[in-house]
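Chemist: I am attaching a structure below and will ask some questions about it afterwards.
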Amino acid sequence: MLDNLPVPKRKPYEHALNGVKAILSTFPFTGGIASIIDDYVPTSIEKGVQQAIEFLNKKLEKLDERCSQMPDPDEFSEAFKSFMVIAQRSTRKEKVQAAAGILANALLKKDDKQKLSYTELDHFARAVESLSAAAISVLGTICRLARSGSRRPSSYGGYRITAGEIVPHLEGLGPQLALSLMCELGGWNLLIVQQPGATVGDDYATNTSVTLTAMGMKFVDCVVNLGEIAPDTAGVS
């Protein structure tokens with residue numbers, strides 16, 4: 001168990017920051033920018049790491065006995081490196097929570113129903129690093145909508161829903177940005193977005209078909225929401 005995991009003392013980003021500040025010092029009127037870099041960036045990075053560690057500890061508390069005391073060293077090492085890279089790059093809840101989910105999954109016992117294979121874990125870790133926080137949030141919303149009501153999964157385990165059903169639930173996102181984020185998720189096969197031939201809405205094709213794939217559900221269940229739902233009710237294939 002990794003309770004109260006400490007923030008690492010080494011700060012490799014400080015060397016890069018010093019280089020940037022040295023360059024800025026050669027230009028006029030950049031003292032304010034250098035001050036922002038000096039005061040805010042290290043604090044922001046440490047905030048991201050601390051926040052990620054807090055999310056991780058919360059997940060481990062919920063998983064408790066489902067975690068192995070002797071995880072695979074290679075698998076854990078890879079997951080931990082991804083965890084730290086994401087934690088140092090972002091303070092967005094969606095990103096650091098997913099990063100914590102990757103590392104927590106690496107600690108699950110081998111017979112756990114939500115345990116991802118080494119290949120899946122590495123693939124999803126790359127996805128978390130690449131995806132924007134907004135895209136991860138959109139995927140979670142689509143997953144909830146797709147599983148609501150009387151929808152039944154297709155023979156290959158996915159759920160089909162239209163953009164017209166999704167966009168109204170994405171607060172603060174315009175239709176075009178919402179569709180762009182869905183296409184971003186499509187690059188990782190977490191969604192399949194199929195543009196129709198006809199536009200039936202005022203600003204976008206509301207009949208655009210969006211399929212939540214089995215991989216998309218697995219990403220939400222086994223990474224983002226790991227520890228939030230029982231393994232028996234998760235969409236794990």
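FYI, nothing fancy with the structure tokens labels: chains A, B, ... in order, residues from 1 per chain, ligands from 1 as they appear.
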List as a PyMOL selection string the protein and nucleic acid residues near range 62-78 of chain A, meaning an atom at most 12 Å away when only C-alpha atoms are counted, but skip any in the same chain fewer than 3 places from it.
Modeler: chain A and resi 1-3+55-59+81-85+99+101-126+222+225-231
Chemist: Generate the output file for the selected residues, N, CA and C atoms, as a short mmCIF file (atom, residue, chain, number, x, y, z; two decimals), in the first residue's frame.
Modeler:
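Full text of out.cif as output:
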```cif
data_model
loop_
_atom_site.label_atom_id
_atom_site.label_comp_id
_atom_site.auth_asym_id
_atom_site.auth_seq_id
_atom_site.Cartn_x
_atom_site.Cartn_y
_atom_site.Cartn_z
N MET A 1 0.85 -1.20 0.00
CA MET A 1 0.00 0.00 0.00
C MET A 1 0.88 1.25 0.00
N LEU A 2 0.42 2.29 -0.66
CA LEU A 2 1.23 3.49 -0.81
C LEU A 2 0.63 4.67 -0.07
N ASP A 3 0.10 4.42 1.12
CA ASP A 3 -0.51 5.51 1.87
C ASP A 3 0.50 6.60 2.17
N PHE A 55 -5.42 11.77 -4.79
CA PHE A 55 -6.36 10.93 -5.53
C PHE A 55 -5.95 9.46 -5.42
N LEU A 56 -4.64 9.22 -5.53
CA LEU A 56 -4.15 7.84 -5.45
C LEU A 56 -4.46 7.23 -4.10
N ASN A 57 -4.17 7.97 -3.04
CA ASN A 57 -4.42 7.44 -1.69
C ASN A 57 -5.90 7.15 -1.46
N LYS A 58 -6.78 8.01 -2.00
CA LYS A 58 -8.22 7.79 -1.86
C LYS A 58 -8.64 6.52 -2.59
N LYS A 59 -8.07 6.30 -3.78
CA LYS A 59 -8.40 5.10 -4.54
C LYS A 59 -7.91 3.86 -3.81
N LYS A 81 5.97 5.81 -13.49
CA LYS A 81 6.58 6.86 -14.30
C LYS A 81 5.51 7.67 -15.04
N SER A 82 4.51 6.98 -15.57
CA SER A 82 3.42 7.68 -16.24
C SER A 82 2.66 8.56 -15.26
N PHE A 83 2.44 8.04 -14.08
CA PHE A 83 1.74 8.77 -13.01
C PHE A 83 2.47 10.08 -12.71
N MET A 84 3.79 10.03 -12.58
CA MET A 84 4.56 11.21 -12.23
C MET A 84 4.63 12.21 -13.39
N VAL A 85 4.73 11.70 -14.62
CA VAL A 85 4.76 12.60 -15.78
C VAL A 85 3.47 13.40 -15.85
N ALA A 99 -4.60 9.48 -13.94
CA ALA A 99 -3.23 9.03 -13.66
C ALA A 99 -3.19 8.16 -12.40
N GLY A 101 -5.65 6.43 -11.33
CA GLY A 101 -6.32 5.18 -11.67
C GLY A 101 -5.39 4.20 -12.37
N ILE A 102 -4.49 4.71 -13.22
CA ILE A 102 -3.51 3.85 -13.89
C ILE A 102 -2.62 3.16 -12.87
N LEU A 103 -2.08 3.95 -11.94
CA LEU A 103 -1.16 3.39 -10.95
C LEU A 103 -1.89 2.44 -10.00
N ALA A 104 -3.11 2.81 -9.60
CA ALA A 104 -3.89 1.94 -8.71
C ALA A 104 -4.21 0.61 -9.38
N ASN A 105 -4.50 0.65 -10.68
CA ASN A 105 -4.80 -0.59 -11.38
C ASN A 105 -3.59 -1.51 -11.42
N ALA A 106 -2.40 -0.92 -11.54
CA ALA A 106 -1.18 -1.72 -11.55
C ALA A 106 -0.97 -2.45 -10.23
N LEU A 107 -1.62 -1.96 -9.17
CA LEU A 107 -1.47 -2.56 -7.85
C LEU A 107 -2.54 -3.61 -7.54
N LEU A 108 -3.52 -3.77 -8.44
CA LEU A 108 -4.57 -4.77 -8.20
C LEU A 108 -4.00 -6.18 -8.25
N LYS A 109 -4.62 -7.08 -7.51
CA LYS A 109 -4.23 -8.49 -7.56
C LYS A 109 -4.53 -9.06 -8.94
N LYS A 110 -3.78 -10.07 -9.33
CA LYS A 110 -3.88 -10.62 -10.68
C LYS A 110 -5.25 -11.17 -11.00
N ASP A 111 -5.98 -11.65 -9.99
CA ASP A 111 -7.29 -12.25 -10.25
C ASP A 111 -8.44 -11.26 -10.13
N ASP A 112 -8.13 -9.98 -9.93
CA ASP A 112 -9.18 -8.97 -9.81
C ASP A 112 -9.86 -8.77 -11.17
N LYS A 113 -11.18 -8.66 -11.17
CA LYS A 113 -11.94 -8.57 -12.42
C LYS A 113 -11.66 -7.28 -13.19
N GLN A 114 -11.17 -6.26 -12.52
CA GLN A 114 -10.87 -5.00 -13.21
C GLN A 114 -9.39 -4.83 -13.50
N LYS A 115 -8.60 -5.84 -13.20
CA LYS A 115 -7.17 -5.78 -13.46
C LYS A 115 -6.90 -5.74 -14.95
N LEU A 116 -6.16 -4.74 -15.41
CA LEU A 116 -5.81 -4.63 -16.81
C LEU A 116 -4.51 -5.38 -17.09
N SER A 117 -4.38 -5.88 -18.31
CA SER A 117 -3.14 -6.52 -18.70
C SER A 117 -2.04 -5.47 -18.83
N TYR A 118 -0.82 -5.92 -18.89
CA TYR A 118 0.32 -5.00 -19.01
C TYR A 118 0.17 -4.14 -20.26
N THR A 119 -0.24 -4.77 -21.38
CA THR A 119 -0.39 -4.05 -22.64
C THR A 119 -1.51 -3.02 -22.56
N GLU A 120 -2.65 -3.40 -21.96
CA GLU A 120 -3.76 -2.47 -21.81
C GLU A 120 -3.38 -1.30 -20.93
N LEU A 121 -2.68 -1.59 -19.84
CA LEU A 121 -2.29 -0.55 -18.90
C LEU A 121 -1.35 0.45 -19.56
N ASP A 122 -0.40 -0.05 -20.34
CA ASP A 122 0.53 0.83 -21.04
C ASP A 122 -0.21 1.67 -22.09
N HIS A 123 -1.14 1.05 -22.79
CA HIS A 123 -1.93 1.75 -23.81
C HIS A 123 -2.75 2.87 -23.18
N PHE A 124 -3.44 2.57 -22.09
CA PHE A 124 -4.26 3.58 -21.43
C PHE A 124 -3.42 4.67 -20.79
N ALA A 125 -2.23 4.32 -20.31
CA ALA A 125 -1.34 5.33 -19.75
C ALA A 125 -0.95 6.35 -20.81
N ARG A 126 -0.65 5.85 -22.03
CA ARG A 126 -0.33 6.76 -23.13
C ARG A 126 -1.55 7.61 -23.50
N CYS A 222 -12.10 0.99 -15.46
CA CYS A 222 -10.88 0.42 -14.87
C CYS A 222 -9.78 1.44 -14.62
N ASN A 225 -12.83 5.60 -13.08
CA ASN A 225 -13.73 5.33 -11.95
C ASN A 225 -13.31 4.12 -11.13
N LEU A 226 -12.08 3.69 -11.26
CA LEU A 226 -11.62 2.53 -10.49
C LEU A 226 -11.80 2.77 -9.00
N GLY A 227 -12.47 1.83 -8.33
CA GLY A 227 -12.72 1.98 -6.90
C GLY A 227 -14.05 2.62 -6.59
N GLU A 228 -14.69 3.21 -7.63
CA GLU A 228 -15.97 3.89 -7.41
C GLU A 228 -17.16 2.94 -7.59
N ILE A 229 -16.98 1.89 -8.40
CA ILE A 229 -18.05 0.94 -8.64
C ILE A 229 -17.54 -0.47 -8.41
N ALA A 230 -18.46 -1.38 -8.12
CA ALA A 230 -18.09 -2.77 -7.85
C ALA A 230 -17.63 -3.43 -9.16
N PRO A 231 -16.63 -4.31 -9.10
CA PRO A 231 -16.13 -4.98 -10.30
C PRO A 231 -17.23 -5.72 -11.07
#
```
Chemist: Which residues, written as number ranges by chain, have at least one atom at most 8 Å from Ala146 in chain A, with only C-alpha atoms counted and residues fewer than 3 positions away on the same chain left out?
Modeler: A: 142-143, 151, 159-161, 212
Chemist: Would you mind exporting the chosen residues as an mmCIF file, in the first residue's frame, restricted to N, CA, C and O atoms?
Modeler:
```
data_model
loop_
_atom_site.group_PDB
_atom_site.id
_atom_site.type_symbol
_atom_site.label_atom_id
_atom_site.label_comp_id
_atom_site.auth_asym_id
_atom_site.auth_seq_id
_atom_site.Cartn_x
_atom_site.Cartn_y
_atom_site.Cartn_z
ATOM 1 N N ILE A 142 -20.529 10.715 -21.629
ATOM 2 C CA ILE A 142 -21.097 9.822 -22.645
ATOM 3 C C ILE A 142 -21.331 8.432 -22.069
ATOM 4 O O ILE A 142 -22.347 7.791 -22.364
ATOM 5 N N CYS A 143 -20.417 7.975 -21.247
ATOM 6 C CA CYS A 143 -20.567 6.653 -20.628
ATOM 7 C C CYS A 143 -21.819 6.604 -19.756
ATOM 8 O O CYS A 143 -22.590 5.640 -19.799
ATOM 9 N N ARG A 151 -31.186 1.553 -23.029
ATOM 10 C CA ARG A 151 -30.221 1.186 -24.072
ATOM 11 C C ARG A 151 -29.586 -0.164 -23.770
ATOM 12 O O ARG A 151 -29.257 -0.477 -22.630
ATOM 13 N N TYR A 159 -22.052 0.972 -27.103
ATOM 14 C CA TYR A 159 -23.347 1.640 -27.049
ATOM 15 C C TYR A 159 -23.378 2.752 -28.084
ATOM 16 O O TYR A 159 -22.416 3.515 -28.208
ATOM 17 N N ARG A 160 -24.491 2.848 -28.820
ATOM 18 C CA ARG A 160 -24.619 3.901 -29.820
ATOM 19 C C ARG A 160 -25.551 4.995 -29.293
ATOM 20 O O ARG A 160 -26.597 4.716 -28.712
ATOM 21 N N ILE A 161 -25.137 6.246 -29.497
ATOM 22 C CA ILE A 161 -25.892 7.404 -29.034
ATOM 23 C C ILE A 161 -25.648 8.532 -30.026
ATOM 24 O O ILE A 161 -24.641 8.509 -30.749
ATOM 25 N N LEU A 212 -19.924 4.526 -28.115
ATOM 26 C CA LEU A 212 -19.021 4.288 -26.982
ATOM 27 C C LEU A 212 -18.522 2.855 -27.110
ATOM 28 O O LEU A 212 -19.294 1.910 -27.013
#
```
Chemist: Could you please determine the separation between CA of Gly186 in chain A and CA of Gly158 in chain A in Å, to one decimal place?
Modeler: 13.4 Å
Chemist: Pull the alpha helix (DSSP H) assignments for range 68-119 of chain A out of DSSP run on the backbone, and list those residues as a ChimeraX atom specification.
Modeler: /A:73-89,93-106,118-119
Chemist: Pick out the closest residue to Ala178 in chain A from this set: A:Arg144, A:Leu190, A:Thr213, A:Ala134. Count only C-alpha atoms.
Modeler: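 Of A:Arg144, A:Leu190, A:Thr213, A:Ala134, the one nearest Ala178 in chain A is A:Ala134, counting only C-alpha atoms.
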Chemist: Calculated over only C-alpha atoms, which of the candidates A:Glu54, A:Glu171, A:Glu61, A:Asp221 has the smallest distance to Val138 in chain A?
Modeler: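 Using only C-alpha atoms, the shortest distance to Val138 in chain A belongs to A:Glu171.
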Chemist: Which parts of range 56-182 of chain A does DSSP call strand (DSSP E) when run on the backbone here, written out as a PyMOL selection string?
Modeler: chain A and resi 159-162
Chemist: For the residues in the current selection, export C-alpha atoms as a PDB file, in the first residue's frame.
Modeler:
```pdb
ATOM      1  CA  TYR A 159     -23.347   1.640 -27.049  1.00  0.00           C
ATOM      2  CA  ARG A 160     -24.619   3.901 -29.820  1.00  0.00           C
ATOM      3  CA  ILE A 161     -25.892   7.404 -29.034  1.00  0.00           C
ATOM      4  CA  THR A 162     -26.338  10.578 -31.094  1.00  0.00           C
TER       5      THR A 162
END
```
Chemist: From the set A:Asn207, A:Gln195, A:Ser132, A:Ser154, which residue has the shortest atom-to-atom contact distance to Thr91 in chain A, counting only C-alpha atoms?
Modeler: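 Once distances to Thr91 in chain A are computed over only C-alpha atoms, the minimum belongs to A:Ser132.
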